[in-house]
>>> print(open('structure.txt').read())   # compact mmCIF, C-alpha atoms and all ligand atoms
# COMPACT_ATOMS: atom_id res chain seq x y z
CA MET A 1 111.19 -230.40 -105.66
CA ALA A 2 108.74 -233.28 -105.43
CA ASP A 3 109.75 -234.46 -108.86
CA ASP A 4 113.30 -234.97 -107.59
CA ALA A 5 112.21 -236.95 -104.44
CA THR A 6 113.74 -240.44 -104.14
CA PRO A 7 111.64 -243.34 -102.67
CA ILE A 8 113.52 -242.81 -99.30
CA ASP A 9 112.54 -239.13 -99.30
CA LEU A 10 108.93 -240.04 -100.02
CA THR A 11 108.86 -242.54 -97.11
CA ARG A 12 110.26 -239.90 -94.83
CA GLN A 13 107.76 -237.32 -95.97
CA VAL A 14 104.82 -239.76 -95.54
CA ARG A 15 106.06 -240.68 -92.06
CA ALA A 16 106.38 -236.97 -91.13
CA HIS A 17 102.89 -236.37 -92.45
CA LEU A 18 101.47 -239.22 -90.38
CA GLU A 19 103.28 -237.95 -87.27
CA SER A 20 101.73 -234.52 -87.72
CA LEU A 21 98.29 -236.15 -88.14
CA ARG A 22 98.81 -238.15 -84.93
CA SER A 23 99.79 -234.99 -83.04
CA ALA A 24 96.59 -233.44 -84.36
CA GLY A 25 94.61 -236.38 -82.79
CA VAL A 26 94.02 -238.43 -85.96
CA MET A 27 94.46 -242.02 -84.78
CA PHE A 28 94.04 -243.86 -88.07
CA VAL A 29 93.82 -243.21 -91.71
CA PRO A 30 91.36 -245.28 -93.79
CA ARG A 31 93.07 -247.72 -95.98
CA GLY A 32 92.38 -247.19 -99.65
CA GLU A 33 90.39 -249.91 -101.38
CA PRO A 34 91.32 -250.83 -104.88
CA ILE A 35 88.97 -249.23 -107.29
CA ALA A 36 87.10 -251.71 -109.38
CA LEU A 37 87.14 -250.40 -112.85
CA ALA A 38 84.14 -251.15 -114.95
CA PRO A 39 85.11 -253.06 -118.02
CA LEU A 40 85.68 -250.77 -120.89
CA ARG A 41 82.76 -250.93 -123.20
CA VAL A 42 83.28 -249.73 -126.69
CA ALA A 43 80.16 -249.31 -128.75
CA VAL A 44 80.74 -251.37 -131.82
CA THR A 45 78.39 -250.71 -134.66
CA PRO A 46 77.80 -253.96 -136.49
CA ARG A 47 79.08 -253.69 -139.99
CA GLN A 48 76.17 -253.26 -142.34
CA ALA A 49 76.00 -256.13 -144.82
CA GLU A 50 76.45 -254.66 -148.26
CA PRO A 51 73.98 -255.99 -150.83
CA LEU A 52 75.61 -258.35 -153.31
CA PRO A 53 75.70 -257.14 -156.88
CA PRO A 54 73.04 -258.90 -158.98
CA PRO A 55 74.35 -261.86 -160.97
CA PRO A 56 75.12 -261.06 -164.60
CA PRO A 57 72.02 -261.68 -166.74
CA ASP A 58 71.90 -264.96 -168.65
CA PRO A 59 72.19 -263.78 -172.27
CA ILE A 60 70.13 -266.69 -173.62
CA ALA A 61 67.32 -265.99 -171.12
CA VAL A 62 67.40 -262.30 -172.11
CA ARG A 63 67.06 -263.18 -175.80
CA LYS A 64 64.23 -265.64 -175.09
CA ARG A 65 62.43 -262.85 -173.25
CA GLU A 66 63.00 -260.50 -176.21
CA LEU A 67 61.54 -263.15 -178.51
CA THR A 68 58.44 -263.47 -176.31
CA VAL A 69 58.01 -259.69 -176.32
CA LEU A 70 58.31 -259.66 -180.12
CA ALA A 71 55.80 -262.52 -180.50
CA THR A 72 53.33 -260.57 -178.36
CA GLU A 73 53.78 -257.51 -180.61
CA VAL A 74 53.20 -259.68 -183.68
CA GLU A 75 50.01 -261.11 -182.15
CA LYS A 76 48.51 -257.61 -181.97
CA CYS A 77 49.72 -256.47 -185.39
CA ASP A 78 47.14 -255.14 -187.86
CA ARG A 79 49.47 -253.59 -190.46
CA CYS A 80 48.00 -255.76 -193.24
CA PRO A 81 44.23 -255.21 -192.98
CA GLU A 82 43.19 -258.26 -195.01
CA LEU A 83 45.59 -260.64 -193.27
CA PHE A 84 44.65 -259.26 -189.88
CA SER A 85 40.95 -259.72 -190.51
CA THR A 86 41.17 -263.24 -191.99
CA ARG A 87 43.86 -264.94 -189.88
CA ARG A 88 42.93 -267.32 -187.09
CA GLN A 89 46.18 -266.49 -185.35
CA THR A 90 49.69 -265.31 -186.07
CA VAL A 91 52.37 -267.95 -186.68
CA PHE A 92 55.63 -266.80 -185.15
CA GLY A 93 58.26 -269.56 -185.24
CA VAL A 94 59.62 -272.56 -183.33
CA GLY A 95 63.04 -273.81 -182.32
CA PRO A 96 66.05 -273.00 -180.20
CA ILE A 97 68.11 -269.82 -179.92
CA ASP A 98 71.50 -269.97 -181.72
CA PRO A 99 70.62 -272.89 -183.99
CA ASP A 100 73.16 -274.23 -186.47
CA VAL A 101 70.54 -273.81 -189.16
CA ALA A 102 67.15 -272.15 -189.65
CA PHE A 103 64.57 -272.91 -192.37
CA ILE A 104 62.54 -269.97 -193.66
CA GLY A 105 59.28 -270.24 -195.56
CA GLU A 106 57.17 -267.55 -197.10
CA ALA A 107 54.00 -267.43 -194.97
CA PRO A 108 51.73 -269.74 -192.99
CA GLY A 109 49.25 -271.89 -194.90
CA GLY A 110 45.85 -273.14 -193.81
CA ASP A 111 47.26 -275.87 -191.54
CA GLU A 112 49.71 -273.47 -189.90
CA ASP A 113 47.01 -270.82 -189.44
CA ARG A 114 44.99 -273.43 -187.53
CA ALA A 115 47.92 -274.84 -185.51
CA GLY A 116 49.83 -271.61 -184.84
CA GLU A 117 53.08 -273.37 -185.84
CA PRO A 118 55.02 -273.13 -189.11
CA PHE A 119 55.38 -276.13 -191.42
CA VAL A 120 52.86 -278.54 -190.05
CA GLY A 121 50.67 -280.65 -192.35
CA LYS A 122 52.02 -282.52 -195.38
CA ALA A 123 54.62 -279.91 -196.39
CA GLY A 124 55.76 -279.80 -192.77
CA GLN A 125 56.20 -283.59 -192.70
CA LEU A 126 58.34 -283.37 -195.83
CA LEU A 127 60.40 -280.60 -194.24
CA THR A 128 60.95 -282.83 -191.20
CA ARG A 129 62.25 -285.55 -193.54
CA ILE A 130 64.61 -283.06 -195.18
CA ILE A 131 65.85 -281.89 -191.76
CA ASN A 132 66.35 -285.48 -190.56
CA GLY A 133 68.11 -286.35 -193.83
CA CYS A 134 70.66 -283.63 -193.02
CA GLY A 135 71.33 -285.32 -189.66
CA PHE A 136 69.30 -282.92 -187.48
CA LYS A 137 66.26 -283.44 -185.30
CA ARG A 138 63.43 -281.05 -186.08
CA GLU A 139 63.63 -279.54 -182.60
CA GLU A 140 67.32 -278.67 -183.16
CA VAL A 141 66.58 -276.20 -185.97
CA TYR A 142 64.62 -272.96 -186.02
CA ILE A 143 61.65 -272.74 -188.41
CA PHE A 144 59.85 -269.52 -189.32
CA ASN A 145 58.34 -267.53 -192.16
CA THR A 146 58.98 -264.13 -193.67
CA LEU A 147 55.29 -263.27 -193.00
CA LYS A 148 53.54 -264.07 -189.75
CA CYS A 149 49.97 -264.19 -191.08
CA ARG A 150 48.36 -266.33 -193.70
CA PRO A 151 47.52 -264.60 -196.98
CA PRO A 152 44.07 -266.07 -197.60
CA GLY A 153 43.33 -268.37 -200.53
CA ALA A 154 43.15 -266.59 -203.87
CA THR A 155 39.82 -268.15 -204.69
CA GLY A 156 38.56 -268.03 -201.14
CA SER A 157 37.73 -271.71 -201.52
CA GLY A 158 40.44 -273.84 -200.00
CA SER A 159 43.70 -273.89 -198.14
CA ALA A 160 45.88 -272.53 -200.98
CA ASN A 161 47.45 -269.19 -200.19
CA ARG A 162 47.66 -266.32 -202.59
CA PRO A 163 51.21 -264.94 -202.75
CA PRO A 164 51.77 -262.09 -200.30
CA THR A 165 51.77 -258.62 -201.83
CA LEU A 166 54.90 -256.48 -201.88
CA GLU A 167 53.32 -254.19 -199.30
CA GLU A 168 52.58 -257.14 -196.95
CA CYS A 169 56.18 -258.33 -197.29
CA GLU A 170 57.44 -254.85 -196.45
CA ASN A 171 55.02 -254.56 -193.51
CA CYS A 172 56.32 -257.75 -191.93
CA ARG A 173 60.03 -257.33 -192.74
CA PRO A 174 60.90 -255.46 -189.48
CA PHE A 175 59.40 -258.32 -187.44
CA PHE A 176 61.33 -260.88 -189.47
CA GLU A 177 64.61 -258.99 -189.12
CA ARG A 178 64.24 -258.55 -185.35
CA GLN A 179 63.39 -262.25 -184.98
CA PHE A 180 66.37 -263.22 -187.14
CA ASP A 181 68.75 -261.05 -185.10
CA ILE A 182 67.52 -262.43 -181.77
CA VAL A 183 67.59 -266.09 -182.86
CA LYS A 184 71.00 -265.69 -184.60
CA PRO A 185 71.00 -268.79 -186.81
CA LYS A 186 74.44 -269.76 -188.11
CA HIS A 187 73.12 -270.87 -191.52
CA VAL A 188 69.76 -270.39 -193.22
CA VAL A 189 67.75 -272.10 -195.94
CA ALA A 190 65.08 -270.25 -197.92
CA LEU A 191 62.24 -272.64 -198.81
CA GLY A 192 60.56 -271.80 -202.10
CA GLY A 193 60.75 -269.04 -204.67
CA THR A 194 58.61 -266.48 -202.81
CA ALA A 195 60.70 -266.68 -199.62
CA ALA A 196 63.97 -266.61 -201.58
CA LYS A 197 62.91 -263.59 -203.67
CA ASN A 198 61.66 -261.76 -200.59
CA LEU A 199 64.87 -262.44 -198.63
CA LEU A 200 67.22 -261.59 -201.50
CA ASN A 201 65.07 -258.72 -202.77
CA THR A 202 65.18 -260.07 -206.30
CA SER A 203 62.75 -261.08 -209.04
CA THR A 204 64.92 -264.04 -210.11
CA GLY A 205 63.15 -267.40 -209.89
CA ILE A 206 64.12 -270.22 -207.54
CA THR A 207 65.49 -272.42 -210.34
CA LYS A 208 68.21 -269.86 -210.98
CA LEU A 209 68.72 -268.87 -207.33
CA ARG A 210 69.48 -272.36 -206.06
CA GLY A 211 72.94 -273.95 -206.19
CA LYS A 212 74.76 -270.90 -204.78
CA VAL A 213 75.58 -269.59 -201.33
CA TYR A 214 74.30 -266.08 -200.55
CA THR A 215 74.59 -263.97 -197.42
CA LEU A 216 71.60 -262.84 -195.36
CA ARG A 217 72.35 -260.46 -192.49
CA GLY A 218 75.89 -261.85 -192.37
CA VAL A 219 74.79 -265.49 -192.41
CA PRO A 220 75.26 -268.00 -195.28
CA LEU A 221 71.97 -268.60 -197.11
CA ILE A 222 71.04 -271.50 -199.42
CA CYS A 223 67.86 -271.39 -201.55
CA THR A 224 65.85 -274.46 -202.44
CA PHE A 225 62.36 -275.50 -203.51
CA HIS A 226 59.45 -275.40 -201.10
CA PRO A 227 58.85 -278.91 -199.65
CA SER A 228 55.28 -278.82 -200.98
CA ALA A 229 56.78 -278.94 -204.50
CA MET A 230 57.73 -282.55 -203.70
CA LEU A 231 54.02 -283.37 -203.36
CA ARG A 232 53.45 -282.83 -207.08
CA ASP A 233 56.89 -284.13 -208.08
CA GLU A 234 56.09 -287.15 -210.21
CA THR A 235 59.55 -287.47 -211.75
CA GLU A 236 61.37 -286.97 -208.43
CA LYS A 237 63.31 -284.16 -210.08
CA THR A 238 62.43 -281.69 -207.33
CA ARG A 239 63.31 -284.15 -204.58
CA ARG A 240 66.75 -284.72 -206.12
CA ALA A 241 67.26 -280.98 -206.53
CA ILE A 242 66.39 -280.38 -202.87
CA TRP A 243 68.91 -283.04 -201.79
CA GLU A 244 71.56 -281.41 -203.96
CA ASP A 245 70.84 -278.13 -202.16
CA MET A 246 71.04 -279.84 -198.77
CA LYS A 247 74.42 -281.29 -199.71
CA LEU A 248 75.54 -277.73 -200.47
CA LEU A 249 74.18 -276.67 -197.08
CA LEU A 250 76.11 -279.43 -195.26
CA LYS A 251 79.28 -278.61 -197.18
CA THR A 252 78.90 -274.92 -196.27
CA MET A 253 78.37 -275.92 -192.64
CA GLY A 254 81.43 -278.21 -192.71
CA ARG A 255 79.27 -281.18 -191.72
CA PRO A 256 79.51 -284.67 -193.21
CA ASN A 257 76.65 -285.84 -195.36
CA PRO A 258 75.01 -288.57 -193.22
CA ASN A 259 73.69 -290.27 -196.38
CA GLU A 260 77.10 -290.82 -197.91
CA LYS A 261 78.78 -294.07 -197.00
CA LYS A 262 82.35 -293.79 -195.83
CA ALA A 263 84.85 -295.40 -198.22
S1 LIG B 301 51.72 -260.24 -191.92
FE1 LIG B 301 53.08 -259.28 -190.45
S2 LIG B 301 52.84 -257.12 -190.78
FE2 LIG B 301 51.09 -258.12 -191.76
S3 LIG B 301 49.48 -258.13 -190.19
FE3 LIG B 301 50.58 -260.05 -190.01
S4 LIG B 301 52.16 -259.67 -188.45
FE4 LIG B 301 51.43 -257.69 -189.17
>>> encode(input="structure.txt", output="structure tokens", more="lines below")
Ligand code: SF4
Amino acid sequence: MADDATPIDLTRQVRAHLESLRSAGVMFVPRGEPIALAPLRVAVTPRQAEPLPPPPPDPIAVRKRELTVLATEVEKCDRCPELFSTRRQTVFGVGPIDPDVAFIGEAPGGDEDRAGEPFVGKAGQLLTRIINGCGFKREEVYIFNTLKCRPPGATGSGSANRPPTLEECENCRPFFERQFDIVKPKHVVALGGTAAKNLLNTSTGITKLRGKVYTLRGVPLICTFHPSAMLRDETEKTRRAIWEDMKLLLKTMGRPNPNEKKA
């Protein structure tokens, strides 16, 4: 059996085969050339680059976008027919997201209606002094109103506002609450009796509301007089009362009073 042939057997068999070829007249046998093998080519499919997952959204940028969307909704709002027809523009709010403190007024006045920014004019300058007195820069705090449109003057003559009606306050409350929840202030100050009553849903006057810490949407709230009350404050009683309230604010925030000298 061929499988059992030793190398010597194979040589003998090849020789016998060649002898038989020679006797048949075959004088030479072509020598085999080595076969050049083509290099093995394996089709390699390039690995498809997988798209990278998008980076996680910047939460602050998302909230700023939400605030812009809300401000655009407010700009178009006509829920209060009189305010809609008499306003020059809506007054939304200014300041950073996640402020340590936010100041909340009742509604824009004549100056704010013209500027489109809350607390400008004389009352705004006094508010800036109050903010600075607490150790903040104005641009570090958020400032807004419970209503976004100016209730026109009661007499129709000057810049004085009439108080907003209950219906107007209710109309604007959803805007205020959404704005509050996006901005997420850590502490808030209600400026003036109308804002304080609106925020606390009470008929109690500001004189009785001040001096205590309340909670508004889970955030500590201090009530104080409107800065414009300082303009007609001949005895300085209101100014002193406001500073007492700001001391309560700083204590609630766990911040030192920058006006107190260290012993
Ligand atoms: S006060 Fe508020 S609810 Fe009323 S019209 Fe202006 S944005 Fe709308």
>>> residues_near_ligand(input="structure.txt", ligand="ligand LIG 301 (chain B)", cutoff="10 Å", atoms="all atoms listed in the file", output="JSON, numbers by chain")
{"A": [71, 73, 74, 75, 76, 77, 78, 79, 80, 81, 82, 83, 84, 85, 86, 87, 89, 90, 91, 92, 107, 108, 145, 146, 147, 148, 149, 150, 151, 164, 167, 168, 169, 170, 171, 172, 173, 174, 175, 176]}
>>> residues_around(input="structure.txt", residues="region 134-137 of chain A", least_positions_apart="2", cutoff="8 Å", atoms="only C-alpha atoms", output="PyMOL selection string")
chain A and resi 128+130-132+139-141+246+250+257-258
>>> residues_near_point(input="structure.txt", point="(64.0, -264.9, -187.6)", cutoff="9 Å", atoms="only C-alpha atoms", output="ChimeraX atom specification")
/A:92-93,102,104,142-146,175-185
>>> closest_residue(input="structure.txt", among="A:Leu199, A:Ile222, A:Met253, A:Ile206", to="Lys186 (chain A)", atoms="all atoms listed in the file")
A:Met253
>>> residues_around(input="structure.txt", residues="Val219 (chain A)", least_positions_apart="3", cutoff="7 Å", atoms="only C-alpha atoms", output="ChimeraX atom specification")
/A:186-187,215-216
>>> residues_around(input="structure.txt", residues="region 224-228 of chain A", least_positions_apart="3", cutoff="6 Å", atoms="all atoms listed in the file", output="PyMOL selection string")
chain A and resi 123+126-127+191-192+210+231+242
>>> residues_around(input="structure.txt", residues="Pro163 (chain A)", least_positions_apart="6", cutoff="9 Å", atoms="only C-alpha atoms", output="list in words")
Glu106, Ala107, Pro151, Pro152, Gly153, Ala154 and Thr194 of chain A
>>> write_last_selection(input="structure.txt", atoms="C-alpha atoms", output="compact mmCIF listing (two decimals), keeping the file's coordinate frame")
# COMPACT_ATOMS: atom_id res chain seq x y z
CA GLU A 106 57.17 -267.55 -197.10
CA ALA A 107 54.00 -267.43 -194.97
CA PRO A 151 47.52 -264.60 -196.98
CA PRO A 152 44.07 -266.07 -197.60
CA GLY A 153 43.33 -268.37 -200.53
CA ALA A 154 43.15 -266.59 -203.87
CA THR A 194 58.61 -266.48 -202.81
>>> atom_distance(input="structure.txt", atom1="CA of Phe103 (chain A)", atom2="CA of Gly218 (chain A)")
15.8 Å
>>> closest_residue(input="structure.txt", among="A:Ile60, A:Ala196, A:Ala241, A:Leu249", to="Asp98 (chain A)", atoms="all atoms listed in the file")
A:Ile60
>>> atom_distance(input="structure.txt", atom1="CA of Lys212 (chain A)", atom2="CA of Asp245 (chain A)")
8.6 Å
>>> residues_around(input="structure.txt", residues="Gly121 (chain A)", least_positions_apart="6", cutoff="10 Å", atoms="only C-alpha atoms", output="PyMOL selection string")
chain A and resi 109-112+115+127+228
>>> build_atoms(input="structure.txt", residues="region 106-129 of chain A", atoms="N, CA and C atoms", output="PDB file, in the frame of the given file")
ATOM      1  N   GLU A 106      57.689-268.858-196.683  1.00  0.00           N
ATOM      2  CA  GLU A 106      57.170-267.550-197.100  1.00  0.00           C
ATOM      3  C   GLU A 106      56.105-267.041-196.124  1.00  0.00           C
ATOM      4  N   ALA A 107      55.118-267.871-195.815  1.00  0.00           N
ATOM      5  CA  ALA A 107      54.000-267.430-194.970  1.00  0.00           C
ATOM      6  C   ALA A 107      53.243-268.672-194.509  1.00  0.00           C
ATOM      7  N   PRO A 108      52.494-268.562-193.432  1.00  0.00           N
ATOM      8  CA  PRO A 108      51.730-269.740-192.990  1.00  0.00           C
ATOM      9  C   PRO A 108      50.646-270.108-194.012  1.00  0.00           C
ATOM     10  N   GLY A 109      50.375-271.418-194.096  1.00  0.00           N
ATOM     11  CA  GLY A 109      49.250-271.890-194.900  1.00  0.00           C
ATOM     12  C   GLY A 109      48.055-272.164-193.996  1.00  0.00           C
ATOM     13  N   GLY A 110      47.067-272.862-194.575  1.00  0.00           N
ATOM     14  CA  GLY A 110      45.850-273.140-193.810  1.00  0.00           C
ATOM     15  C   GLY A 110      46.120-273.968-192.559  1.00  0.00           C
ATOM     16  N   ASP A 111      46.960-275.005-192.695  1.00  0.00           N
ATOM     17  CA  ASP A 111      47.260-275.870-191.540  1.00  0.00           C
ATOM     18  C   ASP A 111      47.983-275.094-190.440  1.00  0.00           C
ATOM     19  N   GLU A 112      48.908-274.249-190.865  1.00  0.00           N
ATOM     20  CA  GLU A 112      49.710-273.470-189.900  1.00  0.00           C
ATOM     21  C   GLU A 112      48.844-272.418-189.214  1.00  0.00           C
ATOM     22  N   ASP A 113      47.937-271.825-189.989  1.00  0.00           N
ATOM     23  CA  ASP A 113      47.010-270.820-189.440  1.00  0.00           C
ATOM     24  C   ASP A 113      46.141-271.448-188.338  1.00  0.00           C
ATOM     25  N   ARG A 114      45.800-272.721-188.542  1.00  0.00           N
ATOM     26  CA  ARG A 114      44.990-273.430-187.530  1.00  0.00           C
ATOM     27  C   ARG A 114      45.858-273.816-186.324  1.00  0.00           C
ATOM     28  N   ALA A 115      47.084-274.307-186.598  1.00  0.00           N
ATOM     29  CA  ALA A 115      47.920-274.840-185.510  1.00  0.00           C
ATOM     30  C   ALA A 115      48.731-273.767-184.786  1.00  0.00           C
ATOM     31  N   GLY A 116      48.992-272.654-185.452  1.00  0.00           N
ATOM     32  CA  GLY A 116      49.830-271.610-184.840  1.00  0.00           C
ATOM     33  C   GLY A 116      51.314-271.948-184.889  1.00  0.00           C
ATOM     34  N   GLU A 117      51.674-272.946-185.727  1.00  0.00           N
ATOM     35  CA  GLU A 117      53.080-273.370-185.840  1.00  0.00           C
ATOM     36  C   GLU A 117      53.444-273.484-187.313  1.00  0.00           C
ATOM     37  N   PRO A 118      54.653-273.043-187.700  1.00  0.00           N
ATOM     38  CA  PRO A 118      55.020-273.130-189.110  1.00  0.00           C
ATOM     39  C   PRO A 118      55.332-274.561-189.539  1.00  0.00           C
ATOM     40  N   PHE A 119      55.052-274.841-190.804  1.00  0.00           N
ATOM     41  CA  PHE A 119      55.380-276.130-191.420  1.00  0.00           C
ATOM     42  C   PHE A 119      54.844-277.322-190.642  1.00  0.00           C
ATOM     43  N   VAL A 120      53.537-277.333-190.497  1.00  0.00           N
ATOM     44  CA  VAL A 120      52.860-278.540-190.050  1.00  0.00           C
ATOM     45  C   VAL A 120      52.102-279.056-191.285  1.00  0.00           C
ATOM     46  N   GLY A 121      51.361-280.106-191.171  1.00  0.00           N
ATOM     47  CA  GLY A 121      50.670-280.650-192.350  1.00  0.00           C
ATOM     48  C   GLY A 121      51.647-281.395-193.250  1.00  0.00           C
ATOM     49  N   LYS A 122      51.214-281.659-194.490  1.00  0.00           N
ATOM     50  CA  LYS A 122      52.020-282.520-195.380  1.00  0.00           C
ATOM     51  C   LYS A 122      53.361-281.880-195.727  1.00  0.00           C
ATOM     52  N   ALA A 123      53.352-280.589-196.051  1.00  0.00           N
ATOM     53  CA  ALA A 123      54.620-279.910-196.390  1.00  0.00           C
ATOM     54  C   ALA A 123      55.551-279.916-195.172  1.00  0.00           C
ATOM     55  N   GLY A 124      54.967-279.784-194.003  1.00  0.00           N
ATOM     56  CA  GLY A 124      55.760-279.800-192.770  1.00  0.00           C
ATOM     57  C   GLY A 124      56.400-281.162-192.535  1.00  0.00           C
ATOM     58  N   GLN A 125      55.637-282.228-192.868  1.00  0.00           N
ATOM     59  CA  GLN A 125      56.200-283.590-192.700  1.00  0.00           C
ATOM     60  C   GLN A 125      57.389-283.793-193.658  1.00  0.00           C
ATOM     61  N   LEU A 126      57.236-283.241-194.871  1.00  0.00           N
ATOM     62  CA  LEU A 126      58.340-283.370-195.830  1.00  0.00           C
ATOM     63  C   LEU A 126      59.548-282.554-195.356  1.00  0.00           C
ATOM     64  N   LEU A 127      59.284-281.391-194.773  1.00  0.00           N
ATOM     65  CA  LEU A 127      60.400-280.600-194.240  1.00  0.00           C
ATOM     66  C   LEU A 127      61.112-281.365-193.123  1.00  0.00           C
ATOM     67  N   THR A 128      60.331-282.034-192.283  1.00  0.00           N
ATOM     68  CA  THR A 128      60.950-282.830-191.200  1.00  0.00           C
ATOM     69  C   THR A 128      61.854-283.912-191.797  1.00  0.00           C
ATOM     70  N   ARG A 129      61.408-284.520-192.902  1.00  0.00           N
ATOM     71  CA  ARG A 129      62.250-285.550-193.540  1.00  0.00           C
ATOM     72  C   ARG A 129      63.541-284.942-194.080  1.00  0.00           C
TER      73      ARG A 129
END
